[in-house]
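Only one structure is covered here, and it is reproduced in the block below.
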Amino acid sequence: MSAPHAAVSLAGVGKTFGKGAVRALEDIDLAIAPGEFVSLIGPSGCGKSTLLRIVGDLIQPSVGDVIVNGKPAHRARLDHDYGIVFQSAVLYDWRTVTKNISLPLELLGWSRGRRNERVREMVELVELSGFESHHPWQLSGGMQQRVSIARALSFDPALLLMDEPFGALDEMTRERLNMELLRIWERSGSTIVFVTHSIPEAVFLSTRVVVMSPRPGRIAGIVEIDLPQPRGAETREQPRFFELVTEVRERLAGSGAATAPTEPALVTEERV
Amino acid sequence: MSTVVQPVPRSFGRTIGRRFRDWLPALVVFVLVLVAWQGLVEVFNIRQFLLPKPTAILGALRDNRSDLWSAGIVTFKEALGGFAMGSTAAILVALVLARWRRVGGAIMPYAIAANAVPIIAFAPITNNWFGLLNPMSKMVIAAVLCFFPVFVNTLRGLTSVQPASIELMRSYAAGEIETFRRVRIPNALPFIFTGLKVASVLAMIGAVVGEYFGGPLDALGVVIQNNVALFDFPLAWAGIIVASAFGIAFYAAVAVAEHFLTGWQPAADSRSD
């Protein structure tokens, strides 16, 4: 990348769990430029969620360097350089929509007036006007995930990390949220790293798709998505869209992923 | 006795009406039981020391209401003091164990073993420690009884948090104190109230039973025991009813506090019917 400094830069990153028993990731080299929308795609257990957490400094890599926003990942986390969205919305039941969105702002010490103003903007951005004082359990899954996205963007992080955010939603909600996410990405200008199982979703959203191989997870190939911007419902009907979907699928098959199980990772009920 | 928790009514009159309909079957059962009780005692001529008539108990209650009330207050204060001490200690210990899990691993087995001890058996000992007339001797029994249910529930609430909730807080670079304040403690609140409701009942039991081993003459447990000794069974039963009333009122007060502090819960709505 030719940018002055990459939004995310991974060099020789590897991760083993246990005493070297499980090699989750190996030799990951990847640079993501500011403003890019990069998807990580691969079969279950290829370590793509682990990789996302390494970028967010939520998991430490066993080897390699992780630079986020021009600084070590740890520093970037302390500086609130990224927002994160998980597969489940992870909203707090005791907080209303408004208060869930303003949680990071409270932690950052924003004044009440500034918080309220920003929350109003965010509620508008994710089209949840009228639901400000609802509690999470009163919202549909798609609305919950929109709150989660608003929360992640509320403090204007340069980087947005998304771990299969729409994986648990039905196809129609998913496509609508894909469109909304693109609109938000265009407006905010932030960099997005997006983990997904869905090939069409990855192709539709991304500027680049990083195809990962099964365990140990490696980068099996990178597909540039040269579909024109801005994208819309008609993008999914273009011949080029189908060509790119096929290309990603073939890369996945070539990586040995086709033989690996592709069901979504189990959401563990472990509590901490 | 448990359904005092209700969402704030929108239309007060209508809600009262609906609530009356909901409670009507229970009320009918209550009246039927009293009538059957009265009838059986009269028909089979059951002796008063076995089972007094409801009317006799009500009479004793009416004739001694001011004495019984003040005795109830004395005992309730002991229960309340014990409840406050035991619950506070339980919540603090649970916070420490949730923060430092290693300590928890070392202490938990003893906490569970201690729970198996019949705490009431210590009542004569605490009377020795603090003196028969010192309310502290009953408060300590009540406090020890309250400790375990509050402790176990609080600890479970503090530690049953989705891993992603903690990851989210870490992504915001939030420290342990912030994570406790904004995630673990709010998450634990419904659990804490479950423990506190159990404890409110146990506190009253602890205080009354503690008084059975001796206490001031104007305390409810002593009043009940003395009247049994004097063969005034209706009055002893009246004392038991006063003890129950205080226990129920205490439980209800905790439940109301729960409603106001954890009203966000989805359960609060579904519980209304």
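Naming scheme: A, B, ... for chains in displayed order of the structure tokens; residues 1 onward per chain; ligands 1 onward as shown.
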Residues of chain A that have any atom at most 9 Å from an atom of chain B: could you tabulate them with the shortest-distance atom pair and the distance in Å to one decimal, using only C-alpha atoms, ordered by chain and increasing number, as JSON lines?
```
{"residue": "A:Gly56", "atom": "CA", "partner": "B:Ser171", "partner_atom": "CA", "distance": 6.9}
{"residue": "A:Asp57", "atom": "CA", "partner": "B:Ser171", "partner_atom": "CA", "distance": 7.8}
{"residue": "A:Leu58", "atom": "CA", "partner": "B:Glu167", "partner_atom": "CA", "distance": 6.8}
{"residue": "A:Arg77", "atom": "CA", "partner": "B:Ser171", "partner_atom": "CA", "distance": 6.2}
{"residue": "A:Leu78", "atom": "CA", "partner": "B:Ala173", "partner_atom": "CA", "distance": 5.1}
{"residue": "A:Asp79", "atom": "CA", "partner": "B:Ala173", "partner_atom": "CA", "distance": 7.9}
{"residue": "A:His80", "atom": "CA", "partner": "B:Tyr172", "partner_atom": "CA", "distance": 6.1}
{"residue": "A:Tyr82", "atom": "CA", "partner": "B:Ser171", "partner_atom": "CA", "distance": 7.8}
{"residue": "A:Gly83", "atom": "CA", "partner": "B:Ser171", "partner_atom": "CA", "distance": 7.4}
{"residue": "A:Ile84", "atom": "CA", "partner": "B:Ser171", "partner_atom": "CA", "distance": 7.3}
{"residue": "A:Val85", "atom": "CA", "partner": "B:Leu168", "partner_atom": "CA", "distance": 8.5}
{"residue": "A:Phe86", "atom": "CA", "partner": "B:Ala164", "partner_atom": "CA", "distance": 7.5}
{"residue": "A:Ser88", "atom": "CA", "partner": "B:Ala164", "partner_atom": "CA", "distance": 8.4}
{"residue": "A:Val90", "atom": "CA", "partner": "B:Ser165", "partner_atom": "CA", "distance": 6.0}
{"residue": "A:Leu91", "atom": "CA", "partner": "B:Ser165", "partner_atom": "CA", "distance": 8.0}
{"residue": "A:Tyr92", "atom": "CA", "partner": "B:Val183", "partner_atom": "CA", "distance": 7.7}
{"residue": "A:Asp93", "atom": "CA", "partner": "B:Trp264", "partner_atom": "CA", "distance": 7.0}
{"residue": "A:Trp94", "atom": "CA", "partner": "B:Trp264", "partner_atom": "CA", "distance": 5.4}
{"residue": "A:Arg95", "atom": "CA", "partner": "B:Trp264", "partner_atom": "CA", "distance": 7.7}
{"residue": "A:Thr96", "atom": "CA", "partner": "B:Trp264", "partner_atom": "CA", "distance": 8.6}
{"residue": "A:Leu103", "atom": "CA", "partner": "B:Arg182", "partner_atom": "CA", "distance": 8.8}
{"residue": "A:Pro104", "atom": "CA", "partner": "B:Tyr172", "partner_atom": "CA", "distance": 6.6}
{"residue": "A:Leu107", "atom": "CA", "partner": "B:Ala174", "partner_atom": "CA", "distance": 7.2}
{"residue": "A:Leu108", "atom": "CA", "partner": "B:Tyr172", "partner_atom": "CA", "distance": 8.5}
{"residue": "A:His135", "atom": "CA", "partner": "B:Trp264", "partner_atom": "CA", "distance": 7.3}
{"residue": "A:Trp137", "atom": "CA", "partner": "B:Pro266", "partner_atom": "CA", "distance": 7.0}
{"residue": "A:Gln138", "atom": "CA", "partner": "B:Pro266", "partner_atom": "CA", "distance": 8.4}
{"residue": "A:Glu269", "atom": "CA", "partner": "B:Gln162", "partner_atom": "CA", "distance": 7.7}
{"residue": "A:Glu270", "atom": "CA", "partner": "B:Gln162", "partner_atom": "CA", "distance": 7.1}
{"residue": "A:Arg271", "atom": "CA", "partner": "B:Ser160", "partner_atom": "CA", "distance": 5.0}
{"residue": "A:Val272", "atom": "CA", "partner": "B:Thr159", "partner_atom": "CA", "distance": 5.3}
```
Pick out each residue of range 194-246 of chain A that DSSP on the backbone tags as alpha helix (DSSP H); I need them as a list in words. Ile199, Pro200, Glu201, Ala202, Val203, Phe204, Leu205, Pro239, Arg240, Phe241, Phe242, Glu243, Leu244, Val245 and Thr246 of chain A
Output of the above residues as a PDB file, in the first residue's frame, restricted to C-alpha atoms:
```pdb
ATOM      1  CA  ILE A 199     -18.950 -15.290  -0.187  1.00  0.00           C
ATOM      2  CA  PRO A 200     -21.592 -12.986  -1.752  1.00  0.00           C
ATOM      3  CA  GLU A 201     -21.526 -10.777   1.331  1.00  0.00           C
ATOM      4  CA  ALA A 202     -17.735 -10.483   1.209  1.00  0.00           C
ATOM      5  CA  VAL A 203     -17.739  -9.665  -2.515  1.00  0.00           C
ATOM      6  CA  PHE A 204     -20.605  -7.194  -2.267  1.00  0.00           C
ATOM      7  CA  LEU A 205     -19.094  -5.198   0.595  1.00  0.00           C
ATOM      8  CA  PRO A 239     -21.901 -10.335 -14.390  1.00  0.00           C
ATOM      9  CA  ARG A 240     -18.694  -9.064 -12.759  1.00  0.00           C
ATOM     10  CA  PHE A 241     -20.246  -9.758  -9.315  1.00  0.00           C
ATOM     11  CA  PHE A 242     -20.780 -13.419 -10.267  1.00  0.00           C
ATOM     12  CA  GLU A 243     -17.273 -13.695 -11.712  1.00  0.00           C
ATOM     13  CA  LEU A 244     -15.795 -12.393  -8.460  1.00  0.00           C
ATOM     14  CA  VAL A 245     -17.995 -14.691  -6.356  1.00  0.00           C
ATOM     15  CA  THR A 246     -16.741 -17.587  -8.466  1.00  0.00           C
TER      16      THR A 246
END
```
Considering only strand (DSSP E or B) as DSSP defines it on the backbone, what residues of range 49-257 of chain A qualify? List them as a ChimeraX atom specification. /A:63-68,71-72,82-85,159-163,191-196,208-212,217,219-224
Residue subset to file, keeping N, CA and C atoms, as a JSON list (two decimals), in the first residue's frame:
```
[["chain", "number", "residue", "atom", "x", "y", "z"],
["A", 63, "VAL", "N", 3.67, -15.00, 17.57],
["A", 63, "VAL", "CA", 4.81, -14.35, 16.91],
["A", 63, "VAL", "C", 4.29, -13.27, 15.98],
["A", 64, "GLY", "N", 5.16, -12.37, 15.59],
["A", 64, "GLY", "CA", 4.81, -11.38, 14.57],
["A", 64, "GLY", "C", 4.49, -10.02, 15.15],
["A", 65, "ASP", "N", 4.40, -9.05, 14.24],
["A", 65, "ASP", "CA", 4.14, -7.66, 14.63],
["A", 65, "ASP", "C", 2.78, -7.21, 14.14],
["A", 66, "VAL", "N", 2.07, -6.52, 15.00],
["A", 66, "VAL", "CA", 0.76, -5.99, 14.63],
["A", 66, "VAL", "C", 0.79, -4.48, 14.83],
["A", 67, "ILE", "N", 0.64, -3.76, 13.74],
["A", 67, "ILE", "CA", 0.63, -2.30, 13.82],
["A", 67, "ILE", "C", -0.76, -1.82, 13.42],
["A", 68, "VAL", "N", -1.38, -1.02, 14.26],
["A", 68, "VAL", "CA", -2.71, -0.48, 13.98],
["A", 68, "VAL", "C", -2.60, 1.03, 14.06],
["A", 71, "LYS", "N", 0.73, 2.43, 15.13],
["A", 71, "LYS", "CA", 1.32, 2.16, 16.44],
["A", 71, "LYS", "C", 1.05, 0.71, 16.83],
["A", 72, "PRO", "N", 1.77, 0.20, 17.82],
["A", 72, "PRO", "CA", 1.51, -1.18, 18.24],
["A", 72, "PRO", "C", 0.04, -1.37, 18.63],
["A", 82, "TYR", "N", -10.10, 1.82, 17.60],
["A", 82, "TYR", "CA", -11.01, 1.00, 16.82],
["A", 82, "TYR", "C", -12.31, 0.74, 17.60],
["A", 83, "GLY", "N", -13.38, 0.47, 16.85],
["A", 83, "GLY", "CA", -14.62, 0.00, 17.43],
["A", 83, "GLY", "C", -14.82, -1.43, 16.98],
["A", 84, "ILE", "N", -15.52, -2.23, 17.77],
["A", 84, "ILE", "CA", -15.69, -3.63, 17.41],
["A", 84, "ILE", "C", -17.16, -4.02, 17.48],
["A", 85, "VAL", "N", -17.57, -4.89, 16.54],
["A", 85, "VAL", "CA", -18.93, -5.42, 16.51],
["A", 85, "VAL", "C", -18.82, -6.94, 16.46],
["A", 159, "LEU", "N", -10.88, 2.81, 12.78],
["A", 159, "LEU", "CA", -10.97, 1.43, 12.31],
["A", 159, "LEU", "C", -12.19, 0.76, 12.93],
["A", 160, "LEU", "N", -12.90, -0.01, 12.09],
["A", 160, "LEU", "CA", -14.05, -0.76, 12.60],
["A", 160, "LEU", "C", -13.78, -2.25, 12.36],
["A", 161, "LEU", "N", -13.78, -3.04, 13.45],
["A", 161, "LEU", "CA", -13.58, -4.48, 13.35],
["A", 161, "LEU", "C", -14.94, -5.16, 13.49],
["A", 162, "MET", "N", -15.26, -6.05, 12.55],
["A", 162, "MET", "CA", -16.58, -6.67, 12.60],
["A", 162, "MET", "C", -16.43, -8.18, 12.47],
["A", 163, "ASP", "N", -16.92, -8.90, 13.48],
["A", 163, "ASP", "CA", -16.75, -10.35, 13.53],
["A", 163, "ASP", "C", -18.08, -11.03, 13.19],
["A", 191, "THR", "N", -11.91, 2.72, 8.10],
["A", 191, "THR", "CA", -11.43, 1.46, 7.55],
["A", 191, "THR", "C", -12.23, 0.34, 8.21],
["A", 192, "ILE", "N", -12.63, -0.67, 7.42],
["A", 192, "ILE", "CA", -13.40, -1.76, 8.01],
["A", 192, "ILE", "C", -12.70, -3.09, 7.73],
["A", 193, "VAL", "N", -12.53, -3.88, 8.79],
["A", 193, "VAL", "CA", -12.08, -5.26, 8.64],
["A", 193, "VAL", "C", -13.26, -6.15, 9.06],
["A", 194, "PHE", "N", -13.68, -7.01, 8.14],
["A", 194, "PHE", "CA", -14.98, -7.66, 8.26],
["A", 194, "PHE", "C", -14.79, -9.18, 8.12],
["A", 195, "VAL", "N", -15.14, -9.92, 9.14],
["A", 195, "VAL", "CA", -15.03, -11.38, 9.08],
["A", 195, "VAL", "C", -16.39, -11.96, 8.67],
["A", 196, "THR", "N", -16.39, -12.86, 7.72],
["A", 196, "THR", "CA", -17.66, -13.44, 7.28],
["A", 196, "THR", "C", -17.49, -14.86, 6.75],
["A", 208, "ARG", "N", -11.35, -5.48, -0.93],
["A", 208, "ARG", "CA", -10.50, -6.65, -1.11],
["A", 208, "ARG", "C", -11.03, -7.79, -0.24],
["A", 209, "VAL", "N", -10.94, -9.01, -0.74],
["A", 209, "VAL", "CA", -11.35, -10.17, 0.05],
["A", 209, "VAL", "C", -10.10, -11.02, 0.31],
["A", 210, "VAL", "N", -9.83, -11.27, 1.58],
["A", 210, "VAL", "CA", -8.69, -12.09, 1.96],
["A", 210, "VAL", "C", -9.21, -13.51, 2.23],
["A", 211, "VAL", "N", -8.77, -14.46, 1.39],
["A", 211, "VAL", "CA", -9.24, -15.84, 1.51],
["A", 211, "VAL", "C", -8.28, -16.60, 2.40],
["A", 212, "MET", "N", -8.82, -17.26, 3.44],
["A", 212, "MET", "CA", -7.96, -17.97, 4.38],
["A", 212, "MET", "C", -8.14, -19.48, 4.26],
["A", 217, "GLY", "N", -4.48, -21.43, 9.95],
["A", 217, "GLY", "CA", -4.96, -20.40, 9.05],
["A", 217, "GLY", "C", -3.83, -19.64, 8.40],
["A", 219, "ILE", "N", -3.05, -17.03, 4.70],
["A", 219, "ILE", "CA", -3.70, -16.30, 3.62],
["A", 219, "ILE", "C", -3.52, -17.11, 2.34],
["A", 220, "ALA", "N", -4.63, -17.64, 1.80],
["A", 220, "ALA", "CA", -4.56, -18.48, 0.61],
["A", 220, "ALA", "C", -4.62, -17.63, -0.66],
["A", 221, "GLY", "N", -5.07, -16.40, -0.52],
["A", 221, "GLY", "CA", -5.14, -15.55, -1.70],
["A", 221, "GLY", "C", -5.90, -14.28, -1.37],
["A", 222, "ILE", "N", -5.66, -13.26, -2.18],
["A", 222, "ILE", "CA", -6.37, -12.00, -1.99],
["A", 222, "ILE", "C", -7.05, -11.65, -3.30],
["A", 223, "VAL", "N", -8.35, -11.39, -3.26],
["A", 223, "VAL", "CA", -9.09, -11.05, -4.47],
["A", 223, "VAL", "C", -9.46, -9.56, -4.42],
["A", 224, "GLU", "N", -8.99, -8.81, -5.41],
["A", 224, "GLU", "CA", -9.37, -7.39, -5.50],
["A", 224, "GLU", "C", -10.79, -7.32, -6.04]]
```
Show me, as a VMD selection string, the residues that have an atom within 7 Å of range 10-19 of chain A when counting only C-alpha atoms, minus same-chain residues fewer than 3 positions from it. chain A and resid 22 to 31 61 to 67
If you count only C-alpha atoms, which residues fall within 12 Å of Gly215 in chain B, apart from same-chain ones fewer than 4 positions away, as a PyMOL selection string? chain B and resi 71+74-75+78+123-124+126-128+130-139+207-211+219-226
A:Gln144, A:Ser213, A:Phe155, A:Gly232 ranked by distance to Glu175 in chain A, top pick (using only C-alpha atoms):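 Of A:Gln144, A:Ser213, A:Phe155, A:Gly232, the one nearest Glu175 in chain A is A:Gly232, counting only C-alpha atoms.
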